[in-house]
$ cat my_file04.txt   # compact mmCIF, C-alpha atoms
# COMPACT_ATOMS: atom_id res chain seq x y z
CA MET V 1 8.04 0.26 -12.08
CA HIS V 2 4.71 -0.96 -13.43
CA PHE V 3 2.31 -1.49 -10.52
CA LEU V 4 -0.19 -3.06 -12.93
CA SER V 5 0.52 -5.31 -15.88
CA GLU V 6 1.05 -3.54 -19.20
CA VAL V 7 -2.00 -5.34 -20.57
CA ILE V 8 -4.21 -3.90 -17.81
CA GLU V 9 -2.66 -0.45 -18.23
CA LYS V 10 -3.39 -0.57 -21.96
CA TYR V 11 -6.99 -1.63 -21.27
CA ILE V 12 -7.45 1.21 -18.76
CA GLY V 13 -6.12 3.76 -21.23
CA SER V 14 -8.21 2.50 -24.13
CA HIS V 15 -11.39 2.61 -22.02
CA SER V 16 -10.77 6.11 -20.65
CA GLU V 17 -11.43 9.45 -22.32
CA ASP V 18 -9.41 9.94 -25.51
CA GLU V 19 -6.29 12.11 -25.42
CA PRO V 20 -6.85 15.49 -27.12
CA GLU V 21 -4.91 15.92 -30.36
CA LEU V 22 -3.02 18.98 -29.09
CA LEU V 23 -1.68 16.93 -26.19
CA ARG V 24 -0.65 14.14 -28.56
CA GLN V 25 1.37 16.70 -30.49
CA LEU V 26 2.95 18.01 -27.29
CA THR V 27 3.89 14.46 -26.28
CA ARG V 28 5.57 13.86 -29.64
CA GLU V 29 7.52 17.10 -29.49
CA THR V 30 8.57 16.47 -25.89
CA HIS V 31 9.97 13.07 -26.86
CA LEU V 32 11.82 14.57 -29.82
CA LYS V 33 13.32 17.63 -28.16
CA VAL V 34 13.42 17.35 -24.37
CA VAL V 35 15.67 15.39 -22.02
CA GLN V 36 13.86 12.81 -19.84
CA PRO V 37 10.58 12.77 -21.81
CA ARG V 38 9.26 10.08 -19.46
CA MET V 39 8.55 12.92 -17.02
CA ILE V 40 5.57 14.04 -19.11
CA THR V 41 2.20 13.42 -17.46
CA GLY V 42 0.76 11.31 -20.28
CA HIS V 43 -2.67 10.34 -21.54
CA TYR V 44 -4.22 8.41 -18.62
CA GLN V 45 -3.02 10.58 -15.74
CA GLY V 46 -3.72 13.65 -17.81
CA ARG V 47 -7.36 12.64 -18.25
CA ILE V 48 -7.60 12.07 -14.48
CA LEU V 49 -6.23 15.56 -13.79
CA ALA V 50 -8.62 17.08 -16.33
CA LEU V 51 -11.64 15.30 -14.90
CA LEU V 52 -10.72 16.18 -11.30
CA SER V 53 -10.34 19.80 -12.32
CA LYS V 54 -13.73 19.77 -14.03
CA ILE V 55 -15.33 18.26 -10.91
CA ILE V 56 -13.66 20.81 -8.60
CA ALA V 57 -14.27 23.75 -11.01
CA PRO V 58 -11.41 25.79 -9.48
CA LYS V 59 -11.28 29.56 -9.89
CA ASN V 60 -7.49 29.58 -9.34
CA ILE V 61 -5.02 26.74 -9.87
CA LEU V 62 -1.38 26.57 -8.79
CA GLU V 63 1.01 24.11 -10.41
CA ILE V 64 4.52 23.56 -9.08
CA GLY V 65 6.55 21.99 -11.90
CA THR V 66 5.38 22.80 -15.42
CA TYR V 67 7.84 20.69 -17.43
CA THR V 68 6.55 21.01 -21.03
CA GLY V 69 3.03 22.03 -20.03
CA TYR V 70 1.02 18.84 -20.46
CA SER V 71 -0.44 18.73 -16.95
CA ALA V 72 -1.14 22.47 -16.99
CA LEU V 73 -3.25 22.07 -20.13
CA CYS V 74 -5.14 19.18 -18.53
CA LEU V 75 -5.82 21.10 -15.30
CA ALA V 76 -6.88 24.19 -17.25
CA GLU V 77 -9.80 22.25 -18.73
CA GLY V 78 -11.71 22.76 -15.47
CA LEU V 79 -11.26 26.54 -15.29
CA PRO V 80 -14.27 28.85 -15.59
CA ALA V 81 -14.03 31.65 -18.15
CA ASP V 82 -12.68 34.05 -15.49
CA GLY V 83 -10.34 31.51 -13.89
CA SER V 84 -6.54 31.36 -13.98
CA LEU V 85 -3.77 28.79 -13.74
CA HIS V 86 -0.38 29.81 -12.36
CA THR V 87 2.42 27.38 -13.21
CA ILE V 88 6.01 27.53 -11.99
CA GLU V 89 9.02 25.90 -13.69
CA ILE V 90 12.65 26.30 -12.67
CA ASN V 91 14.04 25.42 -16.14
CA GLU V 92 13.70 28.56 -18.27
CA GLU V 93 14.68 26.63 -21.43
CA LEU V 94 11.22 25.05 -21.48
CA SER V 95 9.26 28.32 -21.45
CA ASP V 96 8.93 28.77 -25.22
CA LEU V 97 7.74 25.20 -25.75
CA GLN V 98 5.18 25.58 -22.96
CA ARG V 99 3.86 28.86 -24.34
CA LYS V 100 3.63 27.48 -27.87
CA TYR V 101 1.13 24.86 -26.73
CA PHE V 102 -0.63 27.07 -24.19
CA ASP V 103 -1.37 29.58 -26.96
CA GLN V 104 -2.67 26.86 -29.29
CA SER V 105 -5.16 25.80 -26.61
CA PRO V 106 -8.38 27.59 -25.59
CA PHE V 107 -6.71 28.49 -22.27
CA GLY V 108 -3.67 30.47 -23.41
CA LYS V 109 -4.77 33.77 -21.87
CA GLN V 110 -5.66 32.05 -18.59
CA ILE V 111 -2.28 30.34 -18.05
CA MET V 112 0.39 32.41 -16.30
CA GLN V 113 3.98 31.19 -16.48
CA TYR V 114 6.62 31.76 -13.83
CA VAL V 115 10.30 30.83 -14.08
CA GLY V 116 12.35 30.28 -10.94
CA ASP V 117 12.27 28.78 -7.47
CA ALA V 118 8.68 28.08 -6.41
CA LEU V 119 9.64 28.61 -2.76
CA LYS V 120 10.53 32.22 -3.56
CA ILE V 121 7.66 32.85 -5.98
CA ILE V 122 4.69 31.43 -4.03
CA PRO V 123 5.01 33.69 -0.95
CA GLN V 124 4.75 36.72 -3.24
CA MET V 125 1.41 35.59 -4.71
CA ASP V 126 -1.69 37.31 -3.35
CA ILE V 127 -4.05 34.57 -4.56
CA THR V 128 -6.17 31.91 -2.87
CA PHE V 129 -5.96 28.62 -4.75
CA ASP V 130 -8.77 26.09 -5.05
CA LEU V 131 -6.55 23.44 -6.65
CA VAL V 132 -2.81 22.85 -6.29
CA PHE V 133 -0.68 20.31 -8.19
CA ILE V 134 2.79 19.57 -6.79
CA ASP V 135 5.10 17.84 -9.27
CA ALA V 136 8.61 19.24 -8.89
CA GLU V 137 11.76 18.51 -6.85
CA LYS V 138 10.83 15.62 -4.56
CA LYS V 139 13.24 16.64 -1.82
CA LYS V 140 11.34 19.92 -1.48
CA TYR V 141 7.81 18.51 -1.24
CA ASN V 142 7.50 19.35 2.45
CA ALA V 143 8.72 22.89 1.81
CA TYR V 144 6.27 23.26 -1.09
CA LEU V 145 3.44 22.20 1.19
CA ASP V 146 4.52 24.75 3.81
CA ALA V 147 4.45 27.44 1.11
CA VAL V 148 1.09 26.35 -0.27
CA LEU V 149 -0.96 25.95 2.92
CA PRO V 150 -1.28 29.71 3.59
CA LYS V 151 -2.57 30.11 0.01
CA VAL V 152 -5.50 27.65 0.17
CA ARG V 153 -8.88 27.58 1.87
CA SER V 154 -11.18 25.01 3.43
CA GLY V 155 -12.25 22.68 0.63
CA SER V 156 -9.21 23.31 -1.55
CA ILE V 157 -7.58 20.26 -3.12
CA ILE V 158 -3.83 19.56 -3.14
CA LEU V 159 -2.56 16.92 -5.57
CA SER V 160 0.96 15.50 -5.15
CA ASP V 161 2.59 13.43 -7.89
CA ASN V 162 5.15 10.59 -7.77
CA VAL V 163 4.48 9.75 -4.13
CA LEU V 164 5.20 6.02 -4.65
CA TRP V 165 8.52 6.82 -6.34
CA SER V 166 8.82 3.65 -8.45
CA GLY V 167 8.05 1.56 -5.35
CA LYS V 168 11.07 2.84 -3.43
CA VAL V 169 8.80 3.97 -0.57
CA VAL V 170 8.33 0.32 0.45
CA GLU V 171 11.93 -0.79 -0.10
CA PRO V 172 14.83 -0.58 2.38
CA LEU V 173 15.95 3.05 2.45
CA GLN V 174 19.47 3.76 1.21
CA LYS V 175 21.27 6.43 3.25
CA SER V 176 22.17 8.35 0.10
CA ASP V 177 18.60 8.38 -1.24
CA LYS V 178 17.40 11.76 -0.04
CA ALA V 179 14.47 11.92 -2.46
CA THR V 180 12.88 8.75 -1.13
CA GLU V 181 13.57 9.82 2.45
CA ALA V 182 11.81 13.14 1.79
CA LEU V 183 8.82 11.43 0.19
CA LEU V 184 8.47 9.03 3.13
CA THR V 185 8.35 12.01 5.48
CA TYR V 186 5.94 13.84 3.19
CA ASN V 187 3.55 10.90 2.81
CA LYS V 188 3.45 10.42 6.59
CA ARG V 189 2.87 14.12 7.10
CA LEU V 190 -0.13 14.14 4.74
CA LYS V 191 -1.59 11.12 6.53
CA ASP V 192 -1.10 12.60 10.02
CA ASP V 193 -1.97 16.24 9.37
CA SER V 194 -5.35 16.96 10.97
CA GLN V 195 -5.81 19.88 8.56
CA LEU V 196 -5.94 17.49 5.61
CA GLU V 197 -7.97 14.50 4.43
CA THR V 198 -5.74 12.36 2.24
CA VAL V 199 -5.85 9.32 -0.01
CA ILE V 200 -3.11 7.91 -2.25
CA LEU V 201 -4.30 6.88 -5.68
CA SER V 202 -2.30 4.15 -7.42
CA VAL V 203 -2.14 6.15 -10.64
CA ARG V 204 1.14 5.72 -12.52
CA ASP V 205 3.82 6.55 -9.93
CA GLY V 206 1.33 7.45 -7.20
CA LEU V 207 -0.92 10.50 -6.97
CA THR V 208 -2.02 11.84 -3.58
CA LEU V 209 -5.31 13.69 -3.27
CA SER V 210 -5.57 15.85 -0.16
CA ARG V 211 -8.54 18.01 0.80
CA VAL V 212 -8.09 20.95 3.18
CA ARG V 213 -10.58 20.60 6.04
$ encode --input "my_file04.txt" --output "structure tokens"
Amino acid sequence: MHFLSEVIEKYIGSHSEDEPELLRQLTRETHLKVVQPRMITGHYQGRILALLSKIIAPKNILEIGTYTGYSALCLAEGLPADGSLHTIEINEELSDLQRKYFDQSPFGKQIMQYVGDALKIIPQMDITFDLVFIDAEKKKYNAYLDAVLPKVRSGSIILSDNVLWSGKVVEPLQKSDKATEALLTYNKRLKDDSQLETVILSVRDGLTLSRVR
């Protein structure tokens, strides 16, 4: 679903920061080689993630859902020289493609890849994260948040992608639609949780920005 007209979306993109060439190459290769290339973050949202990361200047970043690595490369732009980004992807077939582009970037040595179930990996991490990006299995968003909250501090930022779910969050809920049901619960939880300050940004498919109080 387009929440804005394509003309407006094109104008927004053309008047925002240019997409780095390496990310253009990654986009092309994703569309050529990977199933469901529409899942890639893309130019406009990628520039938002990069700018937010630069504003926050996080020492440690956690990403749940790497896909082909586009969003990780955007988030890494805000890392200090001694910072690190830890990104988790359940599909091991994407690891080589991710690493190819990570190593071509200035951030290759700062990006740590993990393959497997984030809910098993995160509890084993002895790291406090300043910035978290959740963009994986929608039905597990509440479980991801439960796993993440012990790993953040006051002032940390949690970003959650696809929270508008192609507009399904405002349509009659189908009993079989567990993803939308989970997102409805998740969005309400973020709004009601006194530990968090939250706003939904109408960026692409919805991007929630939550700050830990």
$ residues_around --input "my_file04.txt" --residues "V:Phe129" --least-positions-apart "4" --cutoff "6 Å" --atoms "only C-alpha atoms" --output "list in words"
Asn60, Ile61 and Val152 of chain V
$ residues_near_point --input "my_file04.txt" --point "(-5.1, 38.0, -20.3)" --cutoff "12 Å" --atoms "all atoms listed in the file" --output "list of chain:residue names"
V:Ala81, V:Asp82, V:Gly83, V:Ser84, V:Leu85, V:Asp103, V:Phe107, V:Gly108, V:Lys109, V:Gln110, V:Ile111, V:Met112, V:Gln113
$ closest_atom_pairs --input "my_file04.txt" --of "stretch 29-147 of chain V" --to "stretch 1-17 of chain V" --cutoff "8 Å" --atoms "all atoms listed in the file" --output "JSON lines"
{"residue": "V:His43", "atom": "CA", "partner": "V:Gly13", "partner_atom": "CA", "distance": 7.4}
{"residue": "V:Tyr44", "atom": "CA", "partner": "V:Gly13", "partner_atom": "CA", "distance": 5.7}
{"residue": "V:Arg47", "atom": "CA", "partner": "V:Glu17", "partner_atom": "CA", "distance": 6.6}
$ closest_residue --input "my_file04.txt" --among "V:Lys151, V:Lys140, V:Arg204, V:Arg38" --to "V:Glu181" --atoms "only C-alpha atoms"
V:Lys140
$ atom_distance --input "my_file04.txt" --atom1 "atom CA of V:Asp117" --atom2 "atom CA of V:Ser160"
17.6 Å
$ residues_around --input "my_file04.txt" --residues "V:Ser71" --least-positions-apart "5" --cutoff "8 Å" --atoms "only C-alpha atoms" --output "PDB file with C-alpha atoms, in the coordinates of the input"
ATOM      1  CA  ILE V  40       5.570  14.040 -19.110  1.00  0.00           C
ATOM      2  CA  THR V  41       2.200  13.420 -17.460  1.00  0.00           C
ATOM      3  CA  GLY V  46      -3.720  13.650 -17.810  1.00  0.00           C
ATOM      4  CA  LEU V  49      -6.230  15.560 -13.790  1.00  0.00           C
ATOM      5  CA  THR V  66       5.380  22.800 -15.420  1.00  0.00           C
TER       6      THR V  66
END
$ atom_distance --input "my_file04.txt" --atom1 "atom CA of V:Glu63" --atom2 "atom CA of V:Leu184"
21.6 Å
$ closest_residue --input "my_file04.txt" --among "V:Lys138, V:Lys178, V:His86, V:Lys100" --to "V:Ile121" --atoms "all atoms listed in the file"
V:His86
$ residues_around --input "my_file04.txt" --residues "stretch 51-58 of chain V" --least-positions-apart "5" --cutoff "6 Å" --atoms "only C-alpha atoms" --output "list in words"
Leu75, Gly78, Leu79 and Asp130 of chain V
$ closest_residue --input "my_file04.txt" --among "V:Glu197, V:Glu137, V:Glu93, V:Asp18" --to "V:Ser210" --atoms "all atoms listed in the file"
V:Glu197
$ residues_around --input "my_file04.txt" --residues "V:Leu26" --least-positions-apart "5" --cutoff "10 Å" --atoms "only C-alpha atoms" --output "PyMOL selection string"
chain V and resi 21+31-32+40+42+68-70+97-98+100-101
$ closest_residue --input "my_file04.txt" --among "V:Val212, V:Met39, V:Leu73, V:Val34" --to "V:Ser154" --atoms "only C-alpha atoms"
V:Val212
$ closest_residue --input "my_file04.txt" --among "V:Ala179, V:Ile48, V:Leu131, V:Ile157" --to "V:Thr87" --atoms "all atoms listed in the file"
V:Leu131
$ decode --input "my_file04.txt" --residues "stretch 135-201 of chain V" --atoms "C-alpha atoms" --output "PDB file, in the first residue's frame"
ATOM      1  CA  ASP V 135      12.621  -5.912  11.455  1.00  0.00           C
ATOM      2  CA  ALA V 136      12.039  -9.661  11.507  1.00  0.00           C
ATOM      3  CA  GLU V 137       9.124 -12.076  12.048  1.00  0.00           C
ATOM      4  CA  LYS V 138       6.122  -9.876  12.854  1.00  0.00           C
ATOM      5  CA  LYS V 139       4.411 -12.489  15.005  1.00  0.00           C
ATOM      6  CA  LYS V 140       7.420 -12.406  17.336  1.00  0.00           C
ATOM      7  CA  TYR V 141       7.673  -8.634  17.807  1.00  0.00           C
ATOM      8  CA  ASN V 142       6.423  -8.776  21.392  1.00  0.00           C
ATOM      9  CA  ALA V 143       8.891 -11.557  22.202  1.00  0.00           C
ATOM     10  CA  TYR V 144      11.720  -9.581  20.583  1.00  0.00           C
ATOM     11  CA  LEU V 145      10.848  -6.599  22.751  1.00  0.00           C
ATOM     12  CA  ASP V 146      10.875  -8.783  25.867  1.00  0.00           C
ATOM     13  CA  ALA V 147      14.345 -10.012  24.894  1.00  0.00           C
ATOM     14  CA  VAL V 148      15.647  -6.538  24.103  1.00  0.00           C
ATOM     15  CA  LEU V 149      14.461  -4.558  27.135  1.00  0.00           C
ATOM     16  CA  PRO V 150      17.001  -6.094  29.560  1.00  0.00           C
ATOM     17  CA  LYS V 151      19.749  -5.143  27.076  1.00  0.00           C
ATOM     18  CA  VAL V 152      19.032  -1.394  26.816  1.00  0.00           C
ATOM     19  CA  ARG V 153      19.428   1.599  29.114  1.00  0.00           C
ATOM     20  CA  SER V 154      17.615   4.844  29.810  1.00  0.00           C
ATOM     21  CA  GLY V 155      17.852   6.914  26.636  1.00  0.00           C
ATOM     22  CA  SER V 156      18.266   3.952  24.302  1.00  0.00           C
ATOM     23  CA  ILE V 157      16.204   4.003  21.103  1.00  0.00           C
ATOM     24  CA  ILE V 158      14.183   1.060  19.776  1.00  0.00           C
ATOM     25  CA  LEU V 159      13.040   1.229  16.150  1.00  0.00           C
ATOM     26  CA  SER V 160      10.344  -1.172  14.898  1.00  0.00           C
ATOM     27  CA  ASP V 161       9.641  -1.593  11.193  1.00  0.00           C
ATOM     28  CA  ASN V 162       6.450  -2.466   9.269  1.00  0.00           C
ATOM     29  CA  VAL V 163       4.128  -1.476  12.112  1.00  0.00           C
ATOM     30  CA  LEU V 164       1.371  -0.314   9.723  1.00  0.00           C
ATOM     31  CA  TRP V 165       1.534  -3.600   7.802  1.00  0.00           C
ATOM     32  CA  SER V 166       0.214  -2.320   4.455  1.00  0.00           C
ATOM     33  CA  GLY V 167      -2.694  -0.647   6.274  1.00  0.00           C
ATOM     34  CA  LYS V 168      -4.011  -3.916   7.699  1.00  0.00           C
ATOM     35  CA  VAL V 169      -3.806  -2.489  11.229  1.00  0.00           C
ATOM     36  CA  VAL V 170      -6.859  -0.314  10.487  1.00  0.00           C
ATOM     37  CA  GLU V 171      -8.834  -2.934   8.553  1.00  0.00           C
ATOM     38  CA  PRO V 172     -11.190  -5.584   9.972  1.00  0.00           C
ATOM     39  CA  LEU V 173      -9.013  -8.318  11.454  1.00  0.00           C
ATOM     40  CA  GLN V 174      -9.233 -11.733   9.820  1.00  0.00           C
ATOM     41  CA  LYS V 175      -9.099 -14.611  12.319  1.00  0.00           C
ATOM     42  CA  SER V 176      -6.340 -16.315  10.343  1.00  0.00           C
ATOM     43  CA  ASP V 177      -4.154 -13.202  10.174  1.00  0.00           C
ATOM     44  CA  LYS V 178      -1.828 -13.778  13.099  1.00  0.00           C
ATOM     45  CA  ALA V 179       0.791 -11.290  11.906  1.00  0.00           C
ATOM     46  CA  THR V 180      -1.624  -8.366  11.948  1.00  0.00           C
ATOM     47  CA  GLU V 181      -3.053  -9.497  15.288  1.00  0.00           C
ATOM     48  CA  ALA V 182       0.463  -9.556  16.762  1.00  0.00           C
ATOM     49  CA  LEU V 183       1.276  -6.102  15.392  1.00  0.00           C
ATOM     50  CA  LEU V 184      -1.948  -4.653  16.820  1.00  0.00           C
ATOM     51  CA  THR V 185      -0.971  -5.994  20.239  1.00  0.00           C
ATOM     52  CA  TYR V 186       2.587  -4.759  19.816  1.00  0.00           C
ATOM     53  CA  ASN V 187       1.598  -1.245  18.739  1.00  0.00           C
ATOM     54  CA  LYS V 188      -0.761  -0.934  21.713  1.00  0.00           C
ATOM     55  CA  ARG V 189       1.924  -2.213  24.048  1.00  0.00           C
ATOM     56  CA  LEU V 190       4.429   0.407  22.857  1.00  0.00           C
ATOM     57  CA  LYS V 191       1.820   3.140  23.324  1.00  0.00           C
ATOM     58  CA  ASP V 192       0.826   1.987  26.831  1.00  0.00           C
ATOM     59  CA  ASP V 193       4.218   0.989  28.232  1.00  0.00           C
ATOM     60  CA  SER V 194       5.247   3.605  30.806  1.00  0.00           C
ATOM     61  CA  GLN V 195       8.885   2.598  30.288  1.00  0.00           C
ATOM     62  CA  LEU V 196       8.780   3.878  26.706  1.00  0.00           C
ATOM     63  CA  GLU V 197       8.037   7.104  24.839  1.00  0.00           C
ATOM     64  CA  THR V 198       6.739   6.187  21.393  1.00  0.00           C
ATOM     65  CA  VAL V 199       5.761   7.765  18.094  1.00  0.00           C
ATOM     66  CA  ILE V 200       4.823   6.046  14.829  1.00  0.00           C
ATOM     67  CA  LEU V 201       6.409   7.601  11.766  1.00  0.00           C
TER      68      LEU V 201
END
